[in-house]
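K.L.:
Pasting data_35.pdb here (PDB, C-alpha atoms):
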```pdb
ATOM      1  CA  MET A   1      -7.692 -16.081   1.248
ATOM      2  CA  ARG A   2      -4.999 -15.445  -1.348
ATOM      3  CA  ASP A   3      -7.357 -16.151  -4.259
ATOM      4  CA  LEU A   4      -9.975 -13.891  -2.707
ATOM      5  CA  ASN A   5      -7.499 -11.019  -2.376
ATOM      6  CA  GLN A   6      -6.333 -11.484  -5.962
ATOM      7  CA  GLN A   7      -9.933 -11.181  -7.137
ATOM      8  CA  ILE A   8     -10.349  -7.981  -5.179
ATOM      9  CA  ILE A   9      -7.209  -6.489  -6.720
ATOM     10  CA  LYS A  10      -8.255  -7.439 -10.221
ATOM     11  CA  PHE A  11     -11.743  -6.052  -9.763
ATOM     12  CA  ASP A  12     -11.029  -2.728  -8.156
ATOM     13  CA  HIS A  13      -7.470  -1.788  -7.288
ATOM     14  CA  GLU A  14      -5.901  -1.720 -10.710
ATOM     15  CA  LYS A  15      -8.195   1.075 -11.865
ATOM     16  CA  ASN A  16      -8.113   4.053  -9.541
ATOM     17  CA  PHE A  17      -4.641   5.178  -8.537
ATOM     18  CA  GLY A  18      -5.045   8.881  -9.193
ATOM     19  CA  TYR A  19      -4.371  11.721  -6.777
ATOM     20  CA  GLU A  20      -8.098  12.366  -6.391
ATOM     21  CA  ASP A  21      -8.771   8.694  -5.539
ATOM     22  CA  PHE A  22      -6.554   8.661  -2.458
ATOM     23  CA  TYR A  23      -8.416   9.459   0.742
ATOM     24  CA  VAL A  24      -6.283  11.267   3.316
ATOM     25  CA  SER A  25      -7.073  10.672   7.000
ATOM     26  CA  LYS A  26      -5.214  10.667  10.303
ATOM     27  CA  SER A  27      -4.019   7.140   9.481
ATOM     28  CA  ASN A  28      -1.975   8.153   6.437
ATOM     29  CA  GLU A  29      -1.805  11.970   6.424
ATOM     30  CA  HIS A  30       1.784  12.109   7.730
ATOM     31  CA  ILE A  31       3.077   9.934   4.872
ATOM     32  CA  PHE A  32       1.008  11.727   2.251
ATOM     33  CA  ASN A  33       2.435  15.070   3.380
ATOM     34  CA  PHE A  34       5.947  13.656   3.676
ATOM     35  CA  LEU A  35       5.959  12.452   0.057
ATOM     36  CA  HIS A  36       4.417  15.725  -1.069
ATOM     37  CA  ASN A  37       7.386  17.610   0.466
ATOM     38  CA  TRP A  38      10.011  15.884  -1.689
ATOM     39  CA  PRO A  39      12.909  16.614  -1.967
ATOM     40  CA  LYS A  40      12.953  18.326   1.466
ATOM     41  CA  TRP A  41      13.627  15.075   3.296
ATOM     42  CA  GLU A  42      15.994  14.364   6.182
ATOM     43  CA  LYS A  43      17.340  11.328   4.329
ATOM     44  CA  ASN A  44      17.408  10.004   0.768
ATOM     45  CA  PHE A  45      16.292   6.553   1.938
ATOM     46  CA  VAL A  46      12.687   5.999   2.984
ATOM     47  CA  ASN A  47      10.812   2.856   4.016
ATOM     48  CA  ILE A  48       6.997   3.015   3.737
ATOM     49  CA  ILE A  49       5.502   0.337   5.966
ATOM     50  CA  GLY A  50       1.943  -0.932   5.875
ATOM     51  CA  GLU A  51      -0.126  -4.066   5.586
ATOM     52  CA  ASN A  52      -1.575  -5.300   2.301
ATOM     53  CA  PHE A  53      -4.187  -2.936   0.807
ATOM     54  CA  SER A  54      -3.099  -0.071   3.090
ATOM     55  CA  GLY A  55      -2.313   2.209   0.130
ATOM     56  CA  LYS A  56       1.461   1.845  -0.299
ATOM     57  CA  THR A  57       1.215   1.280  -4.055
ATOM     58  CA  HIS A  58      -1.298   4.093  -4.458
ATOM     59  CA  LEU A  59       0.995   6.513  -2.618
ATOM     60  CA  THR A  60       4.024   5.592  -4.737
ATOM     61  CA  LYS A  61       2.024   5.949  -7.963
ATOM     62  CA  ILE A  62       0.947   9.445  -6.912
ATOM     63  CA  PHE A  63       4.556  10.261  -6.030
ATOM     64  CA  LEU A  64       5.919   9.073  -9.384
ATOM     65  CA  LYS A  65       3.224  10.882 -11.313
ATOM     66  CA  LYS A  66       4.340  14.124  -9.716
ATOM     67  CA  ASN A  67       8.113  13.630  -9.465
ATOM     68  CA  LYS A  68       8.984  11.022 -12.113
ATOM     69  CA  GLY A  69      11.165   8.017 -11.533
ATOM     70  CA  ILE A  70      11.176   4.228 -11.833
ATOM     71  CA  LYS A  71       9.343   1.539  -9.905
ATOM     72  CA  LEU A  72      10.761  -1.960  -9.453
ATOM     73  CA  GLU A  73       9.320  -5.093  -7.858
ATOM     74  CA  SER A  74      11.789  -6.508  -5.337
ATOM     75  CA  LYS A  75      11.218 -10.183  -6.189
ATOM     76  CA  PHE A  76      11.977  -9.496  -9.869
ATOM     77  CA  LEU A  77      15.017  -7.284  -9.269
ATOM     78  CA  ASN A  78      17.852  -8.072 -11.702
ATOM     79  CA  ASN A  79      21.178  -6.721 -12.946
ATOM     80  CA  ASP A  80      19.555  -4.832 -15.816
ATOM     81  CA  ASN A  81      17.555  -2.833 -13.261
ATOM     82  CA  LEU A  82      20.802  -1.613 -11.725
ATOM     83  CA  LYS A  83      21.666  -0.088 -15.104
ATOM     84  CA  GLU A  84      18.170   1.345 -15.566
ATOM     85  CA  ILE A  85      18.174   3.313 -12.329
ATOM     86  CA  LYS A  86      21.133   5.385 -13.509
ATOM     87  CA  ALA A  87      18.730   7.419 -15.653
ATOM     88  CA  HIS A  88      16.322   8.204 -12.796
ATOM     89  CA  GLU A  89      16.466  10.420  -9.725
ATOM     90  CA  ASN A  90      13.699   8.608  -7.822
ATOM     91  CA  ILE A  91      13.675   4.833  -7.403
ATOM     92  CA  ILE A  92      10.894   2.844  -5.765
ATOM     93  CA  LEU A  93      11.453  -0.767  -4.744
ATOM     94  CA  GLU A  94       8.138  -2.415  -3.897
ATOM     95  CA  ASN A  95       7.307  -5.200  -1.456
ATOM     96  CA  ILE A  96      10.695  -6.069  -0.037
ATOM     97  CA  GLU A  97      10.735  -9.140   2.205
ATOM     98  CA  LYS A  98      13.079 -11.847   3.461
ATOM     99  CA  ASN A  99      13.326 -13.799   0.213
ATOM    100  CA  VAL A 100      14.980 -11.227  -2.042
ATOM    101  CA  ASN A 101      18.334 -11.144  -3.796
ATOM    102  CA  GLU A 102      20.143  -9.359  -0.986
ATOM    103  CA  LYS A 103      23.271  -8.633  -3.009
ATOM    104  CA  LEU A 104      21.242  -6.888  -5.712
ATOM    105  CA  VAL A 105      19.305  -4.848  -3.146
ATOM    106  CA  TYR A 106      22.574  -3.859  -1.466
ATOM    107  CA  SER A 107      24.062  -2.865  -4.825
ATOM    108  CA  LEU A 108      20.964  -0.801  -5.652
ATOM    109  CA  ILE A 109      21.213   1.062  -2.338
ATOM    110  CA  ASN A 110      24.906   1.762  -2.974
ATOM    111  CA  ILE A 111      24.184   3.189  -6.419
ATOM    112  CA  VAL A 112      21.444   5.425  -5.007
ATOM    113  CA  ASP A 113      23.823   6.625  -2.300
ATOM    114  CA  GLN A 114      26.781   7.258  -4.609
ATOM    115  CA  ASP A 115      24.671   9.145  -7.165
ATOM    116  CA  ASN A 116      22.742  11.087  -4.499
ATOM    117  CA  LYS A 117      19.391   9.739  -5.720
ATOM    118  CA  TYR A 118      16.243   9.004  -3.708
ATOM    119  CA  LEU A 119      15.022   5.538  -2.798
ATOM    120  CA  ILE A 120      11.618   4.518  -1.433
ATOM    121  CA  ILE A 121      11.211   0.912  -0.325
ATOM    122  CA  THR A 122       7.767  -0.433   0.574
ATOM    123  CA  SER A 123       7.235  -3.369   2.905
ATOM    124  CA  ASN A 124       4.749  -5.000   5.269
ATOM    125  CA  GLU A 125       7.178  -4.751   8.180
ATOM    126  CA  PRO A 126      10.002  -2.290   8.899
ATOM    127  CA  ILE A 127      13.075  -2.965   6.806
ATOM    128  CA  THR A 128      15.058  -2.949  10.057
ATOM    129  CA  SER A 129      13.017  -5.951  11.250
ATOM    130  CA  ILE A 130      13.589  -8.114   8.166
ATOM    131  CA  LYS A 131      16.113 -10.830   8.993
ATOM    132  CA  PHE A 132      18.564 -10.302   6.139
ATOM    133  CA  GLU A 133      21.559 -12.618   6.026
ATOM    134  CA  LEU A 134      23.897 -10.067   4.440
ATOM    135  CA  ASN A 135      25.430  -7.980   7.230
ATOM    136  CA  ASP A 136      26.142  -5.066   4.891
ATOM    137  CA  LEU A 137      22.447  -4.925   3.959
ATOM    138  CA  LYS A 138      21.434  -5.053   7.638
ATOM    139  CA  SER A 139      23.712  -2.082   8.238
ATOM    140  CA  ARG A 140      22.269  -0.163   5.280
ATOM    141  CA  ALA A 141      18.721  -0.829   6.473
ATOM    142  CA  LYS A 142      19.426   1.188   9.622
ATOM    143  CA  ASN A 143      19.891   4.323   7.498
ATOM    144  CA  PHE A 144      16.276   4.341   6.279
ATOM    145  CA  LEU A 145      13.715   6.819   7.500
ATOM    146  CA  LEU A 146      10.682   4.751   8.558
ATOM    147  CA  GLN A 147       7.180   5.929   7.639
ATOM    148  CA  THR A 148       4.331   3.699   8.862
ATOM    149  CA  ILE A 149       0.756   3.664   7.602
ATOM    150  CA  GLU A 150      -1.358   3.198  10.712
ATOM    151  CA  LYS A 151      -4.435   1.012  10.994
ATOM    152  CA  PRO A 152      -7.465   2.756   9.457
ATOM    153  CA  ASP A 153      -9.467   5.090  11.665
ATOM    154  CA  ASP A 154     -13.267   5.418  11.503
ATOM    155  CA  GLU A 155     -13.079   8.208   8.945
ATOM    156  CA  LEU A 156     -10.911   6.191   6.567
ATOM    157  CA  ILE A 157     -12.942   2.996   6.969
ATOM    158  CA  PHE A 158     -16.096   4.964   6.161
ATOM    159  CA  ALA A 159     -14.476   6.427   3.029
ATOM    160  CA  LEU A 160     -13.130   3.039   1.878
ATOM    161  CA  LEU A 161     -16.487   1.335   2.315
ATOM    162  CA  LEU A 162     -18.467   4.146   0.690
ATOM    163  CA  LYS A 163     -16.127   4.441  -2.314
ATOM    164  CA  ASN A 164     -15.805   0.712  -2.958
ATOM    165  CA  PHE A 165     -19.531   0.086  -2.637
ATOM    166  CA  SER A 166     -20.108   3.001  -5.007
ATOM    167  CA  ASP A 167     -17.554   1.603  -7.488
ATOM    168  CA  ARG A 168     -19.486  -1.680  -7.441
ATOM    169  CA  GLN A 169     -22.824   0.144  -7.819
ATOM    170  CA  ILE A 170     -23.980  -1.153  -4.441
ATOM    171  CA  LEU A 171     -26.468   1.151  -2.738
ATOM    172  CA  ILE A 172     -26.112   1.114   1.042
ATOM    173  CA  ASP A 173     -27.507   3.343   3.754
ATOM    174  CA  LYS A 174     -24.914   5.330   5.717
ATOM    175  CA  LYS A 175     -26.448   3.970   8.929
ATOM    176  CA  LEU A 176     -25.395   0.505   7.786
ATOM    177  CA  ILE A 177     -21.856   1.732   7.122
ATOM    178  CA  ASN A 178     -21.669   3.122  10.649
ATOM    179  CA  PHE A 179     -22.926  -0.238  11.926
ATOM    180  CA  ILE A 180     -20.127  -1.990   9.999
ATOM    181  CA  ILE A 181     -17.434   0.388  11.263
ATOM    182  CA  LYS A 182     -18.246  -0.430  14.886
ATOM    183  CA  ARG A 183     -17.862  -4.162  14.296
ATOM    184  CA  ILE A 184     -15.330  -4.774  11.529
ATOM    185  CA  ASP A 185     -11.719  -5.760  12.172
ATOM    186  CA  ARG A 186      -9.430  -2.734  11.745
ATOM    187  CA  SER A 187      -7.337  -4.434   9.121
ATOM    188  CA  TYR A 188      -7.121  -3.303   5.502
ATOM    189  CA  SER A 189      -7.159  -6.910   4.308
ATOM    190  CA  LYS A 190     -10.248  -7.748   6.371
ATOM    191  CA  ILE A 191     -12.016  -4.606   5.160
ATOM    192  CA  PHE A 192     -11.480  -5.488   1.510
ATOM    193  CA  ASP A 193     -12.394  -9.123   2.113
ATOM    194  CA  PHE A 194     -15.630  -7.858   3.644
ATOM    195  CA  ILE A 195     -16.320  -5.582   0.643
ATOM    196  CA  TYR A 196     -15.757  -8.455  -1.766
ATOM    197  CA  LYS A 197     -18.035 -10.815   0.182
ATOM    198  CA  ILE A 198     -20.799  -8.194   0.392
ATOM    199  CA  ASP A 199     -20.525  -7.700  -3.378
ATOM    200  CA  GLU A 200     -20.659 -11.447  -3.972
ATOM    201  CA  MET A 201     -23.631 -11.947  -1.654
ATOM    202  CA  SER A 202     -25.597  -9.039  -3.092
ATOM    203  CA  LEU A 203     -25.166 -10.504  -6.579
ATOM    204  CA  LYS A 204     -26.296 -13.938  -5.437
ATOM    205  CA  LYS A 205     -29.317 -12.747  -3.474
ATOM    206  CA  LYS A 206     -30.191 -10.014  -5.978
ATOM    207  CA  LYS A 207     -31.344  -7.722  -3.195
ATOM    208  CA  SER A 208     -30.183  -4.563  -1.480
ATOM    209  CA  ILE A 209     -27.806  -4.780   1.476
ATOM    210  CA  ASP A 210     -29.519  -5.016   4.851
ATOM    211  CA  PHE A 211     -28.548  -5.736   8.460
ATOM    212  CA  LYS A 212     -28.993  -9.490   8.020
ATOM    213  CA  ILE A 213     -26.561  -9.710   5.087
ATOM    214  CA  ILE A 214     -24.030  -7.548   6.897
ATOM    215  CA  LYS A 215     -24.250  -9.647  10.053
ATOM    216  CA  ASP A 216     -23.848 -12.854   8.030
ATOM    217  CA  VAL A 217     -20.724 -11.527   6.310
ATOM    218  CA  LEU A 218     -19.220 -10.180   9.542
ATOM    219  CA  ARG A 219     -19.626 -13.627  11.101
TER     220      ARG A 219
END
```
Now, as a test, write the supplied structure out as structure tokens.
P.N.:
Amino acid sequence: MRDLNQQIIKFDHEKNFGYEDFYVSKSNEHIFNFLHNWPKWEKNFVNIIGENFSGKTHLTKIFLKKNKGIKLESKFLNNDNLKEIKAHENIILENIEKNVNEKLVYSLINIVDQDNKYLIITSNEPITSIKFELNDLKSRAKNFLLQTIEKPDDELIFALLLKNFSDRQILIDKKLINFIIKRIDRSYSKIFDFIYKIDEMSLKKKKSIDFKIIKDVLR
């Protein structure tokens, strides 16, 4: 599954991170609007939560394009980064999880707090649920405003399927998309796995997508 997801990212997700490429629906509208209202936030610390492929990276790229700042990957966080953030008002720390350098993350949060900067941390689960060992970091995590990307609704699934099939030059009847929506798992990962498999199968069979191919992939 990991190799499959990596292929999907390489093929499609590195290309289109513009404002116009993000589809707003009831599943993500609240976060989209929240980021758009910067700096009128209740807190300077925000945790964007969502499963893989839910749009966290896309949202932060749109945010940085508009407001400027620096983006760091949590697993590569180092002491030099703590110096770098001094020159930026907005800091984004991506993909935080259990196995991070907790002391460095705690130090980063302290710097943001002392300098009255803004910090967005993205994660698959709420930062308050991550079992950190450092008590000071656990305490800091409670100060974050949590913003969760919900599972995709019908409207968003339709848009994701239509756009990704179009990007791959796959012609598909909208009736077939509606058929897929009623049967596909409401998981971003499963949706993109499905898109990749449809693409792969259409290339192998060298034929247009029909009900039989869709049913085979869904199984």
K.L.:
Env of Leu218 (chain A): 8 Å cut, atoms = all atoms listed in the file, seq-sep filter 6 positions within chain, self excluded. Answer as a VMD selection string.
P.N.:
chain A and resid 183 to 184 194
K.L.:
Would you work out the distance separating CA of Asp210 (chain A) from CA of Leu176 (chain A), expressed in Å to one decimal?
P.N.:
7.5 Å
K.L.:
So, counting only C-alpha atoms, which residue among A:Glu42, A:Asp80, A:Glu73, A:Glu97 is closest to Pro126 (chain A)?
P.N.:
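That would be A:Glu97, the residue with the smallest distance to Pro126 (chain A).
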K.L.:
Once the PyMOL selection byres ((chain A and resi 88) around 10) is applied to the coordinates I shared, what remains selected? I want it as a ChimeraX atom specification.
P.N.:
/A:68-70,84-87,89-91,112,117-118
K.L.:
Could you give me, as a short mmCIF file (atom, residue, chain, number, x, y, z; two decimals) with C-alpha atoms, keeping the file's coordinate frame, the residues that have an atom at most 9 Å away from the point (3.9, 6.7, -3.1) in the coordinates of the file, using only C-alpha atoms?
P.N.:
```cif
data_model
loop_
_atom_site.label_atom_id
_atom_site.label_comp_id
_atom_site.auth_asym_id
_atom_site.auth_seq_id
_atom_site.Cartn_x
_atom_site.Cartn_y
_atom_site.Cartn_z
CA ILE A 31 3.08 9.93 4.87
CA PHE A 32 1.01 11.73 2.25
CA LEU A 35 5.96 12.45 0.06
CA ILE A 48 7.00 3.02 3.74
CA GLY A 55 -2.31 2.21 0.13
CA LYS A 56 1.46 1.84 -0.30
CA THR A 57 1.22 1.28 -4.06
CA HIS A 58 -1.30 4.09 -4.46
CA LEU A 59 1.00 6.51 -2.62
CA THR A 60 4.02 5.59 -4.74
CA LYS A 61 2.02 5.95 -7.96
CA ILE A 62 0.95 9.44 -6.91
CA PHE A 63 4.56 10.26 -6.03
CA LEU A 64 5.92 9.07 -9.38
CA ILE A 92 10.89 2.84 -5.76
CA ILE A 120 11.62 4.52 -1.43
CA THR A 122 7.77 -0.43 0.57
#
```
K.L.:
List the residues selected by the PyMOL selection byres ((chain A and resi 146) around 8) in the file shown, writing them as an NGL selection string.
P.N.:
:A and (46-49 or 126 or 144-145 or 147-148)
K.L.:
Restricting the output to C-alpha atoms, write the selected residues as a compact mmCIF listing (two decimals), keeping the file's coordinate frame.
P.N.:
```txt
# COMPACT_ATOMS: atom_id res chain seq x y z
CA VAL A 46 12.69 6.00 2.98
CA ASN A 47 10.81 2.86 4.02
CA ILE A 48 7.00 3.02 3.74
CA ILE A 49 5.50 0.34 5.97
CA PRO A 126 10.00 -2.29 8.90
CA PHE A 144 16.28 4.34 6.28
CA LEU A 145 13.72 6.82 7.50
CA GLN A 147 7.18 5.93 7.64
CA THR A 148 4.33 3.70 8.86
```
K.L.:
Taking every listed atom of region 120-132 of chain A and adding 6 Å to each side, what centre and edge lengths in Å (one decimal) does the axis-aligned box have, as AutoDock Vina command-line options?
P.N.:
```
--center_x 11.7 --center_y -3.2 --center_z 4.9 --size_x 25.8 --size_y 27.3 --size_z 24.7
```
K.L.:
Hey, which of A:Asn81, A:Ser74, A:Thr128, A:Ser208 ends up closest to Lys142 (chain A)? Count only C-alpha atoms.
P.N.:
A:Thr128
K.L.:
Just the number, please: distance in Å from CA of Pro152 (chain A) to CA of Ile191 (chain A), one decimal.
P.N.:
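Atom-to-atom, CA of Pro152 (chain A) and CA of Ile191 (chain A) are spaced 9.7 Å apart.
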K.L.:
So, with all atoms listed in the file as the atoms that count, which of A:Asp21, A:Asp216, A:Glu155, A:Asp185 lies closest to Ser202 (chain A)?
P.N.:
A:Asp216
K.L.:
For the file shown, what are the residues hit by the PyMOL selection byres ((chain A and resi 178) around 12), laid out as a ChimeraX atom specification?
P.N.:
/A:154-159,161-162,172-177,179-184,211,214
K.L.:
Counting only C-alpha atoms, figure out which residue out of A:Glu150, A:Glu29, A:Glu102, A:Asp167 gets nearest to Glu51 (chain A).
P.N.:
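Using only C-alpha atoms, Glu51 (chain A) sits closest to A:Glu150.
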K.L.:
Quick one: distance from CA of Lys75 (chain A) to CA of His30 (chain A) in Å, one decimal?
P.N.:
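Atom-to-atom, CA of Lys75 (chain A) to CA of His30 (chain A), that is 27.9 Å.
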K.L.:
Would you mind putting N, CA and C atoms back on region 80-96 of chain A and writing the result as a JSON list (two decimals), in the coordinates of the input?
P.N.:
```json
[["chain", "number", "residue", "atom", "x", "y", "z"],
["A", 80, "ASP", "N", 19.94, -5.87, -14.86],
["A", 80, "ASP", "CA", 19.56, -4.83, -15.82],
["A", 80, "ASP", "C", 18.91, -3.64, -15.11],
["A", 81, "ASN", "N", 18.18, -3.92, -14.04],
["A", 81, "ASN", "CA", 17.56, -2.83, -13.26],
["A", 81, "ASN", "C", 18.60, -1.89, -12.69],
["A", 82, "LEU", "N", 19.74, -2.45, -12.30],
["A", 82, "LEU", "CA", 20.80, -1.61, -11.72],
["A", 82, "LEU", "C", 21.35, -0.64, -12.76],
["A", 83, "LYS", "N", 21.26, -1.00, -14.03],
["A", 83, "LYS", "CA", 21.67, -0.09, -15.10],
["A", 83, "LYS", "C", 20.56, 0.94, -15.37],
["A", 84, "GLU", "N", 19.32, 0.46, -15.30],
["A", 84, "GLU", "CA", 18.17, 1.34, -15.57],
["A", 84, "GLU", "C", 18.09, 2.52, -14.60],
["A", 85, "ILE", "N", 18.37, 2.27, -13.33],
["A", 85, "ILE", "CA", 18.17, 3.31, -12.33],
["A", 85, "ILE", "C", 19.12, 4.49, -12.50],
["A", 86, "LYS", "N", 20.18, 4.30, -13.27],
["A", 86, "LYS", "CA", 21.13, 5.38, -13.51],
["A", 86, "LYS", "C", 20.46, 6.60, -14.16],
["A", 87, "ALA", "N", 19.39, 6.34, -14.92],
["A", 87, "ALA", "CA", 18.73, 7.42, -15.65],
["A", 87, "ALA", "C", 17.62, 8.09, -14.84],
["A", 88, "HIS", "N", 17.44, 7.68, -13.59],
["A", 88, "HIS", "CA", 16.32, 8.20, -12.80],
["A", 88, "HIS", "C", 16.80, 8.76, -11.46],
["A", 89, "GLU", "N", 16.12, 9.82, -11.03],
["A", 89, "GLU", "CA", 16.47, 10.42, -9.72],
["A", 89, "GLU", "C", 15.74, 9.73, -8.58],
["A", 90, "ASN", "N", 14.51, 9.27, -8.86],
["A", 90, "ASN", "CA", 13.70, 8.61, -7.82],
["A", 90, "ASN", "C", 13.51, 7.13, -8.16],
["A", 91, "ILE", "N", 13.82, 6.28, -7.22],
["A", 91, "ILE", "CA", 13.68, 4.83, -7.40],
["A", 91, "ILE", "C", 12.76, 4.29, -6.31],
["A", 92, "ILE", "N", 11.79, 3.49, -6.72],
["A", 92, "ILE", "CA", 10.89, 2.84, -5.76],
["A", 92, "ILE", "C", 11.06, 1.33, -5.90],
["A", 93, "LEU", "N", 11.33, 0.69, -4.78],
["A", 93, "LEU", "CA", 11.45, -0.77, -4.74],
["A", 93, "LEU", "C", 10.29, -1.28, -3.90],
["A", 94, "GLU", "N", 9.38, -2.00, -4.56],
["A", 94, "GLU", "CA", 8.14, -2.42, -3.90],
["A", 94, "GLU", "C", 8.25, -3.79, -3.24],
["A", 95, "ASN", "N", 7.57, -3.91, -2.10],
["A", 95, "ASN", "CA", 7.31, -5.20, -1.46],
["A", 95, "ASN", "C", 8.57, -5.99, -1.10],
["A", 96, "ILE", "N", 9.49, -5.34, -0.44],
["A", 96, "ILE", "CA", 10.70, -6.07, -0.04],
["A", 96, "ILE", "C", 10.36, -6.98, 1.15]]
```
